[in-house]
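To start, the structure under review is shown below, and the notes come after it.
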Amino acid sequence: MKNANKYTRQYSMPPESSWNWVKKEYVDKAPIWCSVDLRDGNQALVVPMNLEEKLEYFQLLVDIGFKEIEVGFPAASDTEFVFLRTLIERDLIPDDVTIQVLTQSRDHIIRRTFESLMGAKRAIVHLYNSTSIAQREQVFRKPKSEIVEIAVSGAQLCKQLALETPGNFMFQYSPESFTARRSILRSKSVMQSSMFGSRPPSARLSSIYHRPFSSRCRMSTQVRSNI
């Protein structure tokens with residue numbers, strides 16, 4: 001047992017606890033399921049899906065009944081970008097289905113993402129940035145405050161572009177790793193005030209600090225309780 005105290009605690013509780021979700025005795029609303037099968041992990045396949053295969057896969061997810069579908073990382077490659085543009089231009093997204101896109105918190109990537117969304121009736125923009133100690137110290141070589149600023153500036157740009165782009169947009173934010181999550185996301189207000197001023201009902205910040213919207217299950221889906 002000499003190594004029982006060798007490792008320090010690898011998690012921290014959010015600065016503002018919100019446990020309303022555990023006060024229910026039972027689920028009284030269906031959870032929101034979001035398929036992430038078409039996310040940018042497609043590039044890691046030995047034989048990546050081509051455009052027609054992606055379109056067929058999207059239609060399958062619609063037929064299964066998903067109402068939220070993450071269609072990928074449109075700024076990651078021309079294939080991803082063209083796929084989303086094809087969905088929009090061919091009017092292949094049903095009115096009751098919301099698409100979701102992933103974007104890193106970098107100026108040119110966010111702008112390219114909103115360019116890909118032109119003409120979409122409704123979309124969730126999922127913003128993220130790397131926050132782990134290794135990323136901070138070895139990749140960005142920045143202090144914690146500057147990593148927070150990356151998230152804040154990205155959120156502000158998303159807000160600006162959403163106002164300039166026709167359509168109804170919702171937002172999610174996730175830190176890409178959690179080793180410094182207490183200090184990186186000091187409180188909910190960091191992202192809320194940057195992106196919204198105040199949090200509108202349609203806004204979803206699916207970080208670790210927003211439990212109702214953060215739960216994920218395996219098998220390439222997200223699930224959030226519809227509270």
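The way I read the labels, and the way they are meant: chains A, B, ... in the order of the structure tokens, residue 1 as the first residue of every chain, and ligand 1 as the first ligand shown, with later ones counted on from there.
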
### Message
Report as a PyMOL selection string all protein, DNA and RNA residues lying within 8 Å of A:Val125, evaluated on only C-alpha atoms, omitting residues in the same chain fewer than 4 positions from it.
### Response
chain A and resi 100-103+169-172

Please dump the current selection as a PDB file, in the first residue's frame; keep N, CA and C atoms.
```pdb
ATOM      1  N   GLN A 100     -25.081  19.444 -36.717  1.00  0.00           N
ATOM      2  CA  GLN A 100     -24.085  19.966 -35.789  1.00  0.00           C
ATOM      3  C   GLN A 100     -22.725  19.912 -36.459  1.00  0.00           C
ATOM      4  N   VAL A 101     -21.914  20.941 -36.250  1.00  0.00           N
ATOM      5  CA  VAL A 101     -20.559  20.974 -36.803  1.00  0.00           C
ATOM      6  C   VAL A 101     -19.559  21.228 -35.689  1.00  0.00           C
ATOM      7  N   LEU A 102     -18.357  20.712 -35.884  1.00  0.00           N
ATOM      8  CA  LEU A 102     -17.280  20.872 -34.919  1.00  0.00           C
ATOM      9  C   LEU A 102     -16.278  21.887 -35.450  1.00  0.00           C
ATOM     10  N   THR A 103     -15.800  22.769 -34.582  1.00  0.00           N
ATOM     11  CA  THR A 103     -14.788  23.733 -35.003  1.00  0.00           C
ATOM     12  C   THR A 103     -13.813  24.005 -33.873  1.00  0.00           C
ATOM     13  N   PHE A 169     -28.870  29.476 -34.918  1.00  0.00           N
ATOM     14  CA  PHE A 169     -27.703  28.765 -34.429  1.00  0.00           C
ATOM     15  C   PHE A 169     -27.761  28.551 -32.919  1.00  0.00           C
ATOM     16  N   MET A 170     -27.352  27.380 -32.507  1.00  0.00           N
ATOM     17  CA  MET A 170     -27.142  27.068 -31.098  1.00  0.00           C
ATOM     18  C   MET A 170     -25.661  26.768 -30.932  1.00  0.00           C
ATOM     19  N   PHE A 171     -25.199  26.782 -29.678  1.00  0.00           N
ATOM     20  CA  PHE A 171     -23.767  26.657 -29.444  1.00  0.00           C
ATOM     21  C   PHE A 171     -23.460  25.638 -28.356  1.00  0.00           C
ATOM     22  N   GLN A 172     -22.337  24.982 -28.523  1.00  0.00           N
ATOM     23  CA  GLN A 172     -21.776  24.109 -27.503  1.00  0.00           C
ATOM     24  C   GLN A 172     -20.302  24.452 -27.350  1.00  0.00           C
TER      25      GLN A 172
END
```

#### Entry: Nearest to A:Gln104 by atom-to-atom distance, counting only C-alpha atoms, from A:Leu51, A:Leu127, A:Leu45, A:Ala76
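Checking each candidate against A:Gln104, we get A:Leu127 as the closest.
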
### Query
So, counting only C-alpha atoms, which residue among A:Val22, A:Val46, A:Leu161, A:Ile69 is closest to A:Pro94?
A:Ile69

### Query
Nearest to A:Ala151: which of A:Glu53, A:Ala134, A:Tyr173, A:Asn168 is it, counting only C-alpha atoms?
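Distance minimum relative to A:Ala151 lands on A:Tyr173.
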
### Query
Skipping near chain neighbours, those fewer than 4 positions away, what residues fall within 10 Å of A:Leu38 using only C-alpha atoms, listed as a ChimeraX atom specification?
/A:42,49,54-55,57-58,61,69-73,80,101,220

Restricted to all heavy atoms, what would the selected residues look like written as a short mmCIF file (atom, residue, chain, number, x, y, z; two decimals), in the first residue's frame?
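File written: again-v7.cif
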```
data_model
loop_
_atom_site.label_atom_id
_atom_site.label_comp_id
_atom_site.auth_asym_id
_atom_site.auth_seq_id
_atom_site.Cartn_x
_atom_site.Cartn_y
_atom_site.Cartn_z
N ASN A 42 -13.57 10.32 -39.60
CA ASN A 42 -13.58 9.64 -40.90
C ASN A 42 -12.20 9.66 -41.56
O ASN A 42 -11.82 8.74 -42.28
CB ASN A 42 -14.61 10.31 -41.81
CG ASN A 42 -14.65 9.71 -43.20
OD1 ASN A 42 -14.81 8.50 -43.35
ND2 ASN A 42 -14.48 10.53 -44.22
N MET A 49 -14.67 7.41 -46.20
CA MET A 49 -15.90 7.46 -46.99
C MET A 49 -15.82 8.58 -48.03
O MET A 49 -15.30 9.66 -47.74
CB MET A 49 -17.11 7.71 -46.08
CG MET A 49 -17.49 6.52 -45.23
SD MET A 49 -19.00 6.81 -44.28
CE MET A 49 -18.38 7.94 -43.02
N LYS A 54 -21.01 9.18 -47.66
CA LYS A 54 -21.40 10.05 -46.56
C LYS A 54 -22.87 10.45 -46.67
O LYS A 54 -23.61 10.48 -45.67
CB LYS A 54 -20.52 11.31 -46.53
CG LYS A 54 -19.15 11.11 -45.91
CD LYS A 54 -18.35 12.40 -45.99
CE LYS A 54 -17.10 12.33 -45.15
NZ LYS A 54 -17.35 12.46 -43.71
N LEU A 55 -23.30 10.77 -47.88
CA LEU A 55 -24.71 11.13 -48.09
C LEU A 55 -25.62 9.96 -47.75
O LEU A 55 -26.69 10.14 -47.13
CB LEU A 55 -24.92 11.57 -49.53
CG LEU A 55 -24.23 12.87 -49.94
CD1 LEU A 55 -24.38 13.10 -51.45
CD2 LEU A 55 -24.78 14.06 -49.17
N TYR A 57 -24.94 7.55 -45.65
CA TYR A 57 -24.88 7.37 -44.20
C TYR A 57 -25.77 8.39 -43.51
O TYR A 57 -26.50 8.07 -42.57
CB TYR A 57 -23.43 7.53 -43.73
CG TYR A 57 -23.10 6.83 -42.44
CD1 TYR A 57 -21.82 6.31 -42.23
CD2 TYR A 57 -24.03 6.68 -41.42
CE1 TYR A 57 -21.50 5.66 -41.06
CE2 TYR A 57 -23.72 6.04 -40.24
CZ TYR A 57 -22.46 5.53 -40.06
OH TYR A 57 -22.14 4.90 -38.89
N PHE A 58 -25.72 9.63 -43.97
CA PHE A 58 -26.58 10.67 -43.39
C PHE A 58 -28.05 10.28 -43.52
O PHE A 58 -28.82 10.41 -42.56
CB PHE A 58 -26.32 12.01 -44.09
CG PHE A 58 -27.19 13.13 -43.57
CD1 PHE A 58 -26.84 13.84 -42.43
CD2 PHE A 58 -28.37 13.48 -44.23
CE1 PHE A 58 -27.64 14.87 -41.95
CE2 PHE A 58 -29.17 14.51 -43.76
CZ PHE A 58 -28.81 15.20 -42.61
N LEU A 61 -29.01 7.71 -40.96
CA LEU A 61 -29.21 8.28 -39.63
C LEU A 61 -30.55 8.99 -39.53
O LEU A 61 -31.22 8.94 -38.49
CB LEU A 61 -28.06 9.24 -39.30
CG LEU A 61 -26.67 8.59 -39.19
CD1 LEU A 61 -25.59 9.67 -39.07
CD2 LEU A 61 -26.61 7.64 -38.01
N ILE A 69 -27.72 15.56 -35.79
CA ILE A 69 -26.68 14.78 -36.45
C ILE A 69 -25.45 15.66 -36.64
O ILE A 69 -25.53 16.70 -37.30
CB ILE A 69 -27.15 14.24 -37.82
CG1 ILE A 69 -28.37 13.34 -37.64
CG2 ILE A 69 -26.03 13.49 -38.52
CD1 ILE A 69 -28.99 12.90 -38.97
N GLU A 70 -24.34 15.24 -36.04
CA GLU A 70 -23.10 15.98 -36.27
C GLU A 70 -22.53 15.53 -37.61
O GLU A 70 -22.18 14.37 -37.79
CB GLU A 70 -22.10 15.71 -35.15
CG GLU A 70 -20.88 16.61 -35.26
CD GLU A 70 -20.00 16.53 -34.04
OE1 GLU A 70 -19.55 15.43 -33.68
OE2 GLU A 70 -19.76 17.59 -33.43
N VAL A 71 -22.46 16.45 -38.54
CA VAL A 71 -22.09 16.10 -39.91
C VAL A 71 -20.59 16.22 -40.15
O VAL A 71 -20.12 15.95 -41.26
CB VAL A 71 -22.86 16.97 -40.93
CG1 VAL A 71 -24.34 16.65 -40.87
CG2 VAL A 71 -22.61 18.46 -40.69
N GLY A 72 -19.84 16.61 -39.14
CA GLY A 72 -18.39 16.60 -39.29
C GLY A 72 -17.70 17.89 -38.90
O GLY A 72 -18.25 18.73 -38.19
N PHE A 73 -16.50 18.02 -39.42
CA PHE A 73 -15.59 19.13 -39.14
C PHE A 73 -15.34 19.81 -40.49
O PHE A 73 -14.34 19.55 -41.16
CB PHE A 73 -14.30 18.54 -38.57
CG PHE A 73 -13.37 19.50 -37.90
CD1 PHE A 73 -12.53 19.07 -36.89
CD2 PHE A 73 -13.30 20.83 -38.29
CE1 PHE A 73 -11.64 19.93 -36.28
CE2 PHE A 73 -12.43 21.71 -37.69
CZ PHE A 73 -11.59 21.25 -36.66
N GLU A 80 -14.93 17.21 -46.21
CA GLU A 80 -15.89 17.55 -45.17
C GLU A 80 -16.71 18.78 -45.55
O GLU A 80 -17.92 18.85 -45.33
CB GLU A 80 -15.14 17.82 -43.85
CG GLU A 80 -14.38 16.64 -43.30
CD GLU A 80 -15.28 15.64 -42.61
OE1 GLU A 80 -15.85 15.98 -41.56
OE2 GLU A 80 -15.43 14.53 -43.14
N VAL A 101 -21.91 20.94 -36.25
CA VAL A 101 -20.56 20.97 -36.80
C VAL A 101 -19.56 21.23 -35.69
O VAL A 101 -19.87 21.87 -34.69
CB VAL A 101 -20.42 22.06 -37.89
CG1 VAL A 101 -21.27 21.71 -39.11
CG2 VAL A 101 -20.78 23.44 -37.36
N SER A 220 -20.81 6.17 -30.69
CA SER A 220 -20.88 7.34 -31.58
C SER A 220 -22.16 8.13 -31.46
O SER A 220 -22.79 8.51 -32.42
CB SER A 220 -20.71 6.88 -33.04
OG SER A 220 -19.45 6.31 -33.24
#
```

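Put simply, atom CA of A:Lys144 is 29.8 Å away from atom CA of A:Ser77.
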
### Query
Between A:Ser18, A:Thr131, A:Ser105, A:Thr98, which is the closest to A:Pro175 once you count only C-alpha atoms?
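When distances to A:Pro175 are compared using only C-alpha atoms, the smallest one comes from A:Thr131.
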
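The smallest atom-to-atom distance between A:Ala123 and any of A:Ile110, A:Ile93, A:Ile32, A:Ile147, using only C-alpha atoms, is found for A:Ile93.
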